[in-house]
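Asks: This is query-v2.pdb, which holds PDB, C-alpha atoms:
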```pdb
MODEL        1
ATOM      1  CA  ASP A   1     -18.826   1.872  -1.797  1.00  0.00           C
ATOM      2  CA  VAL A   2     -18.096   4.041  -4.805  1.00  0.00           C
ATOM      3  CA  VAL A   3     -17.994   1.955  -7.978  1.00  0.00           C
ATOM      4  CA  LEU A   4     -15.646   3.126 -10.727  1.00  0.00           C
ATOM      5  CA  THR A   5     -16.487   1.982 -14.250  1.00  0.00           C
ATOM      6  CA  GLN A   6     -13.682   2.187 -16.784  1.00  0.00           C
ATOM      7  CA  SER A   7     -14.228   2.061 -20.521  1.00  0.00           C
ATOM      8  CA  PRO A   8     -13.329   0.608 -22.826  1.00  0.00           C
ATOM      9  CA  ALA A   9     -12.004  -2.578 -21.236  1.00  0.00           C
ATOM     10  CA  THR A  10      -9.512  -2.936 -24.083  1.00  0.00           C
ATOM     11  CA  LEU A  11      -8.365  -0.352 -26.600  1.00  0.00           C
ATOM     12  CA  SER A  12      -6.371  -1.175 -29.731  1.00  0.00           C
ATOM     13  CA  VAL A  13      -4.085   1.689 -30.638  1.00  0.00           C
ATOM     14  CA  THR A  14      -1.689   2.829 -33.336  1.00  0.00           C
ATOM     15  CA  PRO A  15       1.497   4.623 -32.264  1.00  0.00           C
ATOM     16  CA  GLY A  16       1.151   8.370 -32.606  1.00  0.00           C
ATOM     17  CA  GLU A  17      -2.593   8.630 -32.172  1.00  0.00           C
ATOM     18  CA  ARG A  18      -4.353  10.583 -29.425  1.00  0.00           C
ATOM     19  CA  ILE A  19      -6.551   8.465 -27.203  1.00  0.00           C
ATOM     20  CA  SER A  20      -8.912   8.949 -24.281  1.00  0.00           C
ATOM     21  CA  LEU A  21      -9.798   6.533 -21.496  1.00  0.00           C
ATOM     22  CA  SER A  22     -12.927   6.988 -19.403  1.00  0.00           C
ATOM     23  CA  CYS A  23     -13.600   6.480 -15.704  1.00  0.00           C
ATOM     24  CA  ARG A  24     -17.099   7.058 -14.312  1.00  0.00           C
ATOM     25  CA  ALA A  25     -17.966   7.067 -10.628  1.00  0.00           C
ATOM     26  CA  SER A  26     -21.266   5.859  -9.155  1.00  0.00           C
ATOM     27  CA  GLU A  27     -21.401   9.042  -7.061  1.00  0.00           C
ATOM     28  CA  SER A  28     -19.439  12.251  -6.930  1.00  0.00           C
ATOM     29  CA  VAL A  29     -15.802  11.932  -5.871  1.00  0.00           C
ATOM     30  CA  ASP A  30     -15.097  15.657  -6.315  1.00  0.00           C
ATOM     31  CA  THR A  31     -11.603  15.625  -7.887  1.00  0.00           C
ATOM     32  CA  TYR A  32     -10.181  12.879  -5.674  1.00  0.00           C
ATOM     33  CA  LEU A  33      -9.601  10.702  -8.718  1.00  0.00           C
ATOM     34  CA  HIS A  34      -6.174   9.341  -9.615  1.00  0.00           C
ATOM     35  CA  TRP A  35      -4.737   7.365 -12.535  1.00  0.00           C
ATOM     36  CA  TYR A  36      -2.122   4.604 -12.506  1.00  0.00           C
ATOM     37  CA  GLN A  37      -0.216   2.710 -15.165  1.00  0.00           C
ATOM     38  CA  GLN A  38       0.792  -0.925 -14.699  1.00  0.00           C
ATOM     39  CA  LYS A  39       3.133  -2.681 -17.089  1.00  0.00           C
ATOM     40  CA  PRO A  40       3.377  -6.499 -17.084  1.00  0.00           C
ATOM     41  CA  ASN A  41       5.146  -7.858 -13.993  1.00  0.00           C
ATOM     42  CA  GLU A  42       5.652  -4.382 -12.556  1.00  0.00           C
ATOM     43  CA  SER A  43       4.107  -2.434  -9.691  1.00  0.00           C
ATOM     44  CA  PRO A  44       1.585   0.249 -10.599  1.00  0.00           C
ATOM     45  CA  ARG A  45       2.881   3.807 -10.841  1.00  0.00           C
ATOM     46  CA  LEU A  46       1.008   7.046 -10.326  1.00  0.00           C
ATOM     47  CA  LEU A  47       0.386   8.963 -13.560  1.00  0.00           C
ATOM     48  CA  ILE A  48      -2.074  11.723 -12.670  1.00  0.00           C
ATOM     49  CA  LYS A  49      -3.389  12.767  -9.255  1.00  0.00           C
ATOM     50  CA  TYR A  50      -6.372  14.858  -8.180  1.00  0.00           C
ATOM     51  CA  ALA A  51      -7.987  14.400 -11.600  1.00  0.00           C
ATOM     52  CA  SER A  52      -5.615  16.634 -13.544  1.00  0.00           C
ATOM     53  CA  GLN A  53      -2.394  17.261 -11.613  1.00  0.00           C
ATOM     54  CA  SER A  54       0.745  16.074 -13.339  1.00  0.00           C
ATOM     55  CA  ILE A  55       3.370  13.953 -11.609  1.00  0.00           C
ATOM     56  CA  SER A  56       7.095  14.601 -11.736  1.00  0.00           C
ATOM     57  CA  GLY A  57       8.838  12.263 -14.154  1.00  0.00           C
ATOM     58  CA  ILE A  58       5.701  11.337 -16.093  1.00  0.00           C
ATOM     59  CA  PRO A  59       5.813  12.292 -19.800  1.00  0.00           C
ATOM     60  CA  SER A  60       3.796  15.362 -20.731  1.00  0.00           C
ATOM     61  CA  ARG A  61       1.734  13.398 -23.274  1.00  0.00           C
ATOM     62  CA  PHE A  62      -0.340  12.099 -20.324  1.00  0.00           C
ATOM     63  CA  SER A  63      -3.094  14.398 -19.067  1.00  0.00           C
ATOM     64  CA  GLY A  64      -6.247  14.098 -17.002  1.00  0.00           C
ATOM     65  CA  SER A  65      -9.533  15.972 -16.775  1.00  0.00           C
ATOM     66  CA  GLY A  66     -12.923  15.806 -15.107  1.00  0.00           C
ATOM     67  CA  SER A  67     -14.676  16.278 -11.797  1.00  0.00           C
ATOM     68  CA  GLY A  68     -17.659  14.844  -9.972  1.00  0.00           C
ATOM     69  CA  THR A  69     -18.452  11.557 -11.699  1.00  0.00           C
ATOM     70  CA  ASP A  70     -16.844  11.731 -15.171  1.00  0.00           C
ATOM     71  CA  PHE A  71     -13.094  11.601 -15.735  1.00  0.00           C
ATOM     72  CA  THR A  72     -10.778  11.154 -18.680  1.00  0.00           C
ATOM     73  CA  LEU A  73      -7.145  10.153 -19.087  1.00  0.00           C
ATOM     74  CA  SER A  74      -5.707  11.287 -22.402  1.00  0.00           C
ATOM     75  CA  ILE A  75      -2.502  10.241 -24.120  1.00  0.00           C
ATOM     76  CA  ASN A  76      -1.434  12.675 -26.824  1.00  0.00           C
ATOM     77  CA  GLY A  77       0.665  10.601 -29.197  1.00  0.00           C
ATOM     78  CA  VAL A  78       0.678   7.019 -27.923  1.00  0.00           C
ATOM     79  CA  GLU A  79       4.087   5.342 -27.823  1.00  0.00           C
ATOM     80  CA  LEU A  80       4.847   1.617 -27.743  1.00  0.00           C
ATOM     81  CA  GLU A  81       6.028   1.904 -24.143  1.00  0.00           C
ATOM     82  CA  ASP A  82       2.509   3.035 -23.185  1.00  0.00           C
ATOM     83  CA  LEU A  83       1.034  -0.421 -23.876  1.00  0.00           C
ATOM     84  CA  SER A  84      -0.107  -1.224 -20.333  1.00  0.00           C
ATOM     85  CA  ILE A  85      -3.160  -1.450 -18.132  1.00  0.00           C
ATOM     86  CA  TYR A  86      -4.528   1.827 -16.766  1.00  0.00           C
ATOM     87  CA  TYR A  87      -6.482   2.027 -13.517  1.00  0.00           C
ATOM     88  CA  CYS A  88      -8.425   4.857 -11.949  1.00  0.00           C
ATOM     89  CA  GLN A  89      -8.808   5.124  -8.157  1.00  0.00           C
ATOM     90  CA  GLN A  90     -10.965   7.368  -6.002  1.00  0.00           C
ATOM     91  CA  GLY A  91      -9.997   8.637  -2.578  1.00  0.00           C
ATOM     92  CA  ASN A  92     -13.042  10.731  -1.705  1.00  0.00           C
ATOM     93  CA  SER A  93     -14.314   7.913   0.521  1.00  0.00           C
ATOM     94  CA  LEU A  94     -12.915   4.464   1.326  1.00  0.00           C
ATOM     95  CA  PRO A  95     -10.637   3.838  -1.660  1.00  0.00           C
ATOM     96  CA  THR A  96     -11.786   1.884  -4.675  1.00  0.00           C
ATOM     97  CA  PHE A  97     -10.240   1.110  -8.043  1.00  0.00           C
ATOM     98  CA  GLY A  98     -11.708   0.679 -11.481  1.00  0.00           C
ATOM     99  CA  ALA A  99     -11.305  -2.643 -13.303  1.00  0.00           C
ATOM    100  CA  GLY A 100      -8.760  -1.176 -15.693  1.00  0.00           C
ATOM    101  CA  THR A 101      -8.353  -0.440 -19.398  1.00  0.00           C
ATOM    102  CA  LYS A 102      -5.809  -2.455 -21.337  1.00  0.00           C
ATOM    103  CA  LEU A 103      -3.985  -0.702 -24.163  1.00  0.00           C
ATOM    104  CA  GLU A 104      -2.884  -3.072 -26.913  1.00  0.00           C
ATOM    105  CA  LEU A 105      -1.283  -2.657 -30.316  1.00  0.00           C
ATOM    106  CA  LYS A 106      -3.629  -2.556 -33.275  1.00  0.00           C
TER     107      LYS A 106
ATOM    108  CA  GLU B   1      14.955   8.046  -3.069  1.00  0.00           C
ATOM    109  CA  VAL B   2      11.738   6.636  -1.658  1.00  0.00           C
ATOM    110  CA  GLN B   3      11.848   2.868  -1.197  1.00  0.00           C
ATOM    111  CA  LEU B   4       9.246   0.450   0.121  1.00  0.00           C
ATOM    112  CA  VAL B   5      10.410  -3.147   0.588  1.00  0.00           C
ATOM    113  CA  GLU B   6       7.888  -5.835   1.495  1.00  0.00           C
ATOM    114  CA  THR B   7       8.714  -9.193   3.059  1.00  0.00           C
ATOM    115  CA  GLY B   8       6.849 -12.060   4.669  1.00  0.00           C
ATOM    116  CA  GLY B   9       4.903 -13.589   1.816  1.00  0.00           C
ATOM    117  CA  GLY B  10       4.636 -17.267   1.034  1.00  0.00           C
ATOM    118  CA  LEU B  11       2.396 -20.316   0.914  1.00  0.00           C
ATOM    119  CA  VAL B  12      -0.047 -20.747   3.785  1.00  0.00           C
ATOM    120  CA  GLN B  13      -2.948 -23.100   4.436  1.00  0.00           C
ATOM    121  CA  PRO B  14      -6.534 -21.827   4.620  1.00  0.00           C
ATOM    122  CA  GLY B  15      -7.443 -20.670   8.097  1.00  0.00           C
ATOM    123  CA  ARG B  16      -3.846 -19.946   9.090  1.00  0.00           C
ATOM    124  CA  SER B  17      -2.105 -16.599   9.657  1.00  0.00           C
ATOM    125  CA  LEU B  18       0.666 -14.613   8.027  1.00  0.00           C
ATOM    126  CA  LYS B  19       2.296 -11.271   8.795  1.00  0.00           C
ATOM    127  CA  LEU B  20       3.699  -8.980   6.121  1.00  0.00           C
ATOM    128  CA  SER B  21       6.269  -6.254   6.750  1.00  0.00           C
ATOM    129  CA  CYS B  22       7.245  -3.201   4.729  1.00  0.00           C
ATOM    130  CA  VAL B  23      10.394  -1.242   5.491  1.00  0.00           C
ATOM    131  CA  ALA B  24      10.287   2.354   4.267  1.00  0.00           C
ATOM    132  CA  SER B  25      13.195   4.646   3.509  1.00  0.00           C
ATOM    133  CA  GLY B  26      13.930   7.916   1.746  1.00  0.00           C
ATOM    134  CA  PHE B  27      11.188   9.974   3.390  1.00  0.00           C
ATOM    135  CA  THR B  28       9.909  10.974   6.829  1.00  0.00           C
ATOM    136  CA  PHE B  29       7.785   7.900   7.556  1.00  0.00           C
ATOM    137  CA  ASN B  30       5.707   9.371  10.378  1.00  0.00           C
ATOM    138  CA  ASN B  31       4.459  12.206   8.146  1.00  0.00           C
ATOM    139  CA  TYR B  32       2.437   9.904   5.895  1.00  0.00           C
ATOM    140  CA  TRP B  33      -0.557   7.621   5.969  1.00  0.00           C
ATOM    141  CA  MET B  34       0.344   4.167   4.667  1.00  0.00           C
ATOM    142  CA  SER B  35      -1.727   1.453   3.018  1.00  0.00           C
ATOM    143  CA  TRP B  36      -1.752  -2.070   1.661  1.00  0.00           C
ATOM    144  CA  THR B  37      -3.243  -2.848  -1.739  1.00  0.00           C
ATOM    145  CA  ARG B  38      -3.471  -6.284  -3.326  1.00  0.00           C
ATOM    146  CA  GLN B  39      -3.833  -7.827  -6.757  1.00  0.00           C
ATOM    147  CA  ALA B  40      -5.087 -11.358  -7.316  1.00  0.00           C
ATOM    148  CA  PRO B  41      -3.409 -13.210 -10.209  1.00  0.00           C
ATOM    149  CA  GLY B  42      -4.612 -11.740 -13.506  1.00  0.00           C
ATOM    150  CA  LYS B  43      -7.036  -9.393 -11.741  1.00  0.00           C
ATOM    151  CA  GLY B  44      -7.294  -5.718 -10.837  1.00  0.00           C
ATOM    152  CA  LEU B  45      -6.257  -3.741  -7.782  1.00  0.00           C
ATOM    153  CA  GLU B  46      -8.042  -3.899  -4.419  1.00  0.00           C
ATOM    154  CA  TRP B  47      -7.379  -1.640  -1.442  1.00  0.00           C
ATOM    155  CA  VAL B  48      -6.880  -3.721   1.713  1.00  0.00           C
ATOM    156  CA  ALA B  49      -6.043  -1.419   4.646  1.00  0.00           C
ATOM    157  CA  SER B  50      -4.912   2.077   5.596  1.00  0.00           C
ATOM    158  CA  ILE B  51      -3.380   3.591   8.712  1.00  0.00           C
ATOM    159  CA  THR B  52      -2.944   7.213   9.722  1.00  0.00           C
ATOM    160  CA  ASN B  53       0.530   8.670  10.178  1.00  0.00           C
ATOM    161  CA  SER B  54       0.360   8.345  13.966  1.00  0.00           C
ATOM    162  CA  GLY B  55      -1.167   4.879  13.843  1.00  0.00           C
ATOM    163  CA  GLY B  56      -4.147   6.098  15.802  1.00  0.00           C
ATOM    164  CA  SER B  57      -6.759   5.148  13.206  1.00  0.00           C
ATOM    165  CA  THR B  58      -7.115   2.283  10.764  1.00  0.00           C
ATOM    166  CA  TYR B  59      -9.493   1.541   7.897  1.00  0.00           C
ATOM    167  CA  TYR B  60     -10.493  -1.645   6.071  1.00  0.00           C
ATOM    168  CA  PRO B  61     -12.912  -2.801   3.382  1.00  0.00           C
ATOM    169  CA  ASP B  62     -15.579  -5.309   4.409  1.00  0.00           C
ATOM    170  CA  SER B  63     -13.709  -8.114   2.614  1.00  0.00           C
ATOM    171  CA  VAL B  64     -10.938  -8.184   5.242  1.00  0.00           C
ATOM    172  CA  LYS B  65     -12.435  -6.366   8.244  1.00  0.00           C
ATOM    173  CA  GLY B  66     -12.063  -8.450  11.401  1.00  0.00           C
ATOM    174  CA  ARG B  67      -9.418 -10.699   9.822  1.00  0.00           C
ATOM    175  CA  PHE B  68      -6.621  -8.289   8.838  1.00  0.00           C
ATOM    176  CA  THR B  69      -4.863  -5.754  11.064  1.00  0.00           C
ATOM    177  CA  ILE B  70      -2.625  -2.964   9.806  1.00  0.00           C
ATOM    178  CA  SER B  71      -0.078  -1.436  12.179  1.00  0.00           C
ATOM    179  CA  ARG B  72       3.131   0.563  12.081  1.00  0.00           C
ATOM    180  CA  ASP B  73       6.292   1.183  14.066  1.00  0.00           C
ATOM    181  CA  ASN B  74       7.376   4.744  13.341  1.00  0.00           C
ATOM    182  CA  ALA B  75      10.649   4.283  15.224  1.00  0.00           C
ATOM    183  CA  GLN B  76      11.570   1.438  12.867  1.00  0.00           C
ATOM    184  CA  ASN B  77      10.007   2.965   9.696  1.00  0.00           C
ATOM    185  CA  THR B  78       8.060  -0.258   9.283  1.00  0.00           C
ATOM    186  CA  LEU B  79       4.491  -1.041   8.236  1.00  0.00           C
ATOM    187  CA  TYR B  80       2.813  -4.349   9.011  1.00  0.00           C
ATOM    188  CA  LEU B  81      -0.178  -6.375   7.880  1.00  0.00           C
ATOM    189  CA  GLN B  82      -1.316  -9.196  10.157  1.00  0.00           C
ATOM    190  CA  MET B  83      -3.552 -11.536   8.199  1.00  0.00           C
ATOM    191  CA  ASN B  84      -5.634 -14.107  10.099  1.00  0.00           C
ATOM    192  CA  SER B  85      -8.197 -16.694   9.006  1.00  0.00           C
ATOM    193  CA  LEU B  86      -6.787 -16.634   5.496  1.00  0.00           C
ATOM    194  CA  ARG B  87      -8.964 -17.776   2.609  1.00  0.00           C
ATOM    195  CA  SER B  88      -8.159 -18.890  -0.923  1.00  0.00           C
ATOM    196  CA  GLU B  89      -9.559 -15.575  -2.193  1.00  0.00           C
ATOM    197  CA  ASP B  90      -6.804 -13.746  -0.267  1.00  0.00           C
ATOM    198  CA  THR B  91      -4.261 -15.176  -2.713  1.00  0.00           C
ATOM    199  CA  ALA B  92      -2.641 -12.128  -4.300  1.00  0.00           C
ATOM    200  CA  THR B  93       0.401  -9.929  -4.607  1.00  0.00           C
ATOM    201  CA  TYR B  94       0.340  -7.466  -1.713  1.00  0.00           C
ATOM    202  CA  TYR B  95       1.761  -3.986  -2.262  1.00  0.00           C
ATOM    203  CA  CYS B  96       2.856  -1.551   0.428  1.00  0.00           C
ATOM    204  CA  THR B  97       1.874   1.957  -0.645  1.00  0.00           C
ATOM    205  CA  ARG B  98       2.508   5.471   0.589  1.00  0.00           C
ATOM    206  CA  GLU B  99      -0.554   7.684   0.539  1.00  0.00           C
ATOM    207  CA  GLY B 100      -0.020  11.169  -0.823  1.00  0.00           C
ATOM    208  CA  TYR B 101      -1.717  14.236   0.606  1.00  0.00           C
ATOM    209  CA  THR B 102      -4.484  14.109  -2.011  1.00  0.00           C
ATOM    210  CA  THR B 103      -5.424  10.443  -1.243  1.00  0.00           C
ATOM    211  CA  ASP B 104      -3.389   9.053  -4.114  1.00  0.00           C
ATOM    212  CA  TYR B 105      -0.825   6.270  -3.772  1.00  0.00           C
ATOM    213  CA  ASP B 106       2.351   7.975  -4.862  1.00  0.00           C
ATOM    214  CA  TYR B 107       4.857   5.204  -4.144  1.00  0.00           C
ATOM    215  CA  TRP B 108       4.494   1.429  -4.374  1.00  0.00           C
ATOM    216  CA  GLY B 109       6.700  -1.408  -3.191  1.00  0.00           C
ATOM    217  CA  GLN B 110       7.719  -4.254  -5.456  1.00  0.00           C
ATOM    218  CA  GLY B 111       5.017  -6.476  -3.995  1.00  0.00           C
ATOM    219  CA  VAL B 112       5.045  -9.766  -2.101  1.00  0.00           C
ATOM    220  CA  MET B 113       3.109 -12.875  -3.112  1.00  0.00           C
ATOM    221  CA  VAL B 114       0.746 -14.600  -0.707  1.00  0.00           C
ATOM    222  CA  THR B 115      -0.711 -17.952  -1.734  1.00  0.00           C
ATOM    223  CA  VAL B 116      -3.453 -19.519   0.360  1.00  0.00           C
ATOM    224  CA  SER B 117      -3.810 -23.179  -0.504  1.00  0.00           C
ATOM    225  CA  SER B 118      -3.905 -26.582   1.125  1.00  0.00           C
TER     226      SER B 118
ENDMDL
END
```
Step by step, read the file and then write its structure as structure tokens.

Replies:
Amino acid sequence: DVVLTQSPATLSVTPGERISLSCRASESVDTYLHWYQQKPNESPRLLIKYASQSISGIPSRFSGSGSGTDFTLSINGVELEDLSIYYCQQGNSLPTFGAGTKLELK
Amino acid sequence: EVQLVETGGGLVQPGRSLKLSCVASGFTFNNYWMSWTRQAPGKGLEWVASITNSGGSTYYPDSVKGRFTISRDNAQNTLYLQMNSLRSEDTATYYCTREGYTTDYDYWGQGVMVTVSS
């Protein structure tokens, strides 16, 4: 199974700053890497697909990059509504998820 | 509007069975692979099962293989998850998910809770 390692586990943020979350795969997943946001007591929602493709209805401050084994989710100007847990998921082989990165207020 | 509505959750004793259903609407159901993903209380996400759009092939992780069966009825726009020999570690919220064409999960249901306990 492909293991996805997300870092950091928790990130303390100040509204307005630009941040980056990391997701590293134990083997290449090409660009079959997707990002989800989960707010408390809600279902996850797709933020970025295929490493860098934007999703309709998702604010433009969210962007993704990477290929192979190293991927990044960036938020350009964090807002309070972005305080959530972020998961990466690979679909190059049987699907697996990372353990998540929790965004909290500094 | 795409909607996925799960039903069938509840409290069940270890070793017993439970069947979840997911009714889909707002899209052409038989054009898409479908999956189940779960989340144990306070934990992360775990893929549980996938089925091709025709229902001809199914996929499972080792943690549920041989115990869980995913199926679908394309005439009724309904996805199922038959869960047998349930264990306490199967306790989780189970989400019905639509799989996009690039292996992402582009739509999620609201989730249904399954608790395995004596």

Asks: Can you measure atom CA of Ser22 of chain A to atom CA of Trp47 of chain B for me? One decimal in Å is fine.

Replies: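 So the two atoms, atom CA of Ser22 of chain A and atom CA of Trp47 of chain B, lie 20.7 Å apart.
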
Asks: Pull the closest atom pair for each residue of chain A that gets at most 7 Å from chain B, along with the distance in Å to one decimal, counting all atoms listed in the file, ordering rows by chain and then ascending residue number, as JSON lines.

Replies:
```
{"residue": "A:Tyr32", "atom": "CA", "partner": "B:Thr102", "partner_atom": "CA", "distance": 6.9}
{"residue": "A:His34", "atom": "CA", "partner": "B:Asp104", "partner_atom": "CA", "distance": 6.2}
{"residue": "A:Ser43", "atom": "CA", "partner": "B:Gln110", "partner_atom": "CA", "distance": 5.9}
{"residue": "A:Pro44", "atom": "CA", "partner": "B:Trp108", "partner_atom": "CA", "distance": 7.0}
{"residue": "A:Leu46", "atom": "CA", "partner": "B:Asp106", "partner_atom": "CA", "distance": 5.7}
{"residue": "A:Lys49", "atom": "CA", "partner": "B:Asp104", "partner_atom": "CA", "distance": 6.3}
{"residue": "A:Tyr50", "atom": "CA", "partner": "B:Thr102", "partner_atom": "CA", "distance": 6.5}
{"residue": "A:Gly91", "atom": "CA", "partner": "B:Thr103", "partner_atom": "CA", "distance": 5.1}
{"residue": "A:Pro95", "atom": "CA", "partner": "B:Trp47", "partner_atom": "CA", "distance": 6.4}
{"residue": "A:Thr96", "atom": "CA", "partner": "B:Trp47", "partner_atom": "CA", "distance": 6.5}
{"residue": "A:Phe97", "atom": "CA", "partner": "B:Leu45", "partner_atom": "CA", "distance": 6.3}
{"residue": "A:Ala99", "atom": "CA", "partner": "B:Gly44", "partner_atom": "CA", "distance": 5.6}
{"residue": "A:Gly100", "atom": "CA", "partner": "B:Gly44", "partner_atom": "CA", "distance": 6.8}
```

Asks: So which residues touch Leu11 of chain B within 8 Å, counting only C-alpha atoms, skipping near sequence neighbours fewer than 5 positions away, as a list in words?

Replies: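 The filter keeps Val114, Thr115, Val116 and Ser117 of chain B.
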
Asks: For those residues, write C-alpha atoms to a file as a tab-separated table (two decimals), in the coordinates of the input.

Replies:
```
chain	number	residue	atom	x	y	z
B	114	VAL	CA	0.75	-14.60	-0.71
B	115	THR	CA	-0.71	-17.95	-1.73
B	116	VAL	CA	-3.45	-19.52	0.36
B	117	SER	CA	-3.81	-23.18	-0.50
```

Asks: Could you jot down the atom CA of Asp70 of chain A to atom CA of Glu104 of chain A separation for me, Å, one decimal place?

Replies: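 Separation of atom CA of Asp70 of chain A and atom CA of Glu104 of chain A: 23.5 Å.
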
Asks: With 5 Å of padding per side, what axis-aligned box (centre and edge lengths, Å, one decimal) covers all the listed atoms of segment 85-104 of chain B? Give it as JSON.

Replies:
```
{"center_x": -3.4, "center_y": -2.3, "center_z": 2.2, "size_x": 22.4, "size_y": 43.1, "size_z": 23.6}
```

Asks: Give me, as a ChimeraX atom specification, all polymer residues having an atom no more than 7 Å from Val2 of chain B, counting all atoms listed in the file and skipping those fewer than 3 positions away in the same chain.

Replies: /B:25-27

Asks: Calculated over all atoms listed in the file, which of the candidates B:Gln76, B:Thr91, B:Thr7, B:Ser35 has the smallest distance to Ser57 of chain B?

Replies: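 Of B:Gln76, B:Thr91, B:Thr7, B:Ser35, the one nearest Ser57 of chain B, counting all atoms listed in the file, is B:Ser35.
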
Asks: Please, what distance in Å, to one decimal, runs between atom CA of Ser17 of chain B and atom CA of Asp1 of chain A?

Replies: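 Separation between atom CA of Ser17 of chain B and atom CA of Asp1 of chain A: 27.4 Å.
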
Asks: Would you list the contacts of Asn84 of chain B as a PyMOL selection string, taking every protein, DNA or RNA residue within 12 Å and counting all atoms listed in the file, but skipping same-chain residues closer than 3 positions in sequence?

Replies: chain B and resi 12-20+64-70+81+87+90+116

Asks: Within 6 Å of Thr5 of chain A, counting all atoms listed in the file, which residues qualify if same-chain residues fewer than 6 places away don't, as a PDB file with C-alpha atoms, keeping the file's coordinate frame?

Replies:
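Result file is selection_17.pdb:
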```pdb
ATOM      1  CA  CYS A  23     -13.600   6.480 -15.704  1.00  0.00           C
ATOM      2  CA  ARG A  24     -17.099   7.058 -14.312  1.00  0.00           C
ATOM      3  CA  GLY A  98     -11.708   0.679 -11.481  1.00  0.00           C
TER       4      GLY A  98
END
```

Asks: So which one's closest to Gln38 of chain A, A:Leu4, A:Ala51, A:Ile85, A:Leu11? Using only C-alpha atoms, please.

Replies: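 Of all the options, A:Ile85 lies closest to Gln38 of chain A.
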
Asks: Name the residues in contact with Gly77 of chain A at a cut-off of 9 Å, using only C-alpha atoms, excluding same-chain residues fewer than 4 positions from it; report them as a PDB file with C-alpha atoms, keeping the file's coordinate frame.

Replies:
```
ATOM      1  CA  PRO A  15       1.497   4.623 -32.264  1.00  0.00           C
ATOM      2  CA  GLY A  16       1.151   8.370 -32.606  1.00  0.00           C
ATOM      3  CA  GLU A  17      -2.593   8.630 -32.172  1.00  0.00           C
ATOM      4  CA  ARG A  18      -4.353  10.583 -29.425  1.00  0.00           C
ATOM      5  CA  ILE A  19      -6.551   8.465 -27.203  1.00  0.00           C
ATOM      6  CA  ARG A  61       1.734  13.398 -23.274  1.00  0.00           C
TER       7      ARG A  61
END
```

Asks: Determine the residue set returned by the PyMOL selection byres ((chain A and resi 36) around 6) for the present structure, and present it as a PyMOL selection string.

Replies: chain A and resi 35+37+45-47+86-87
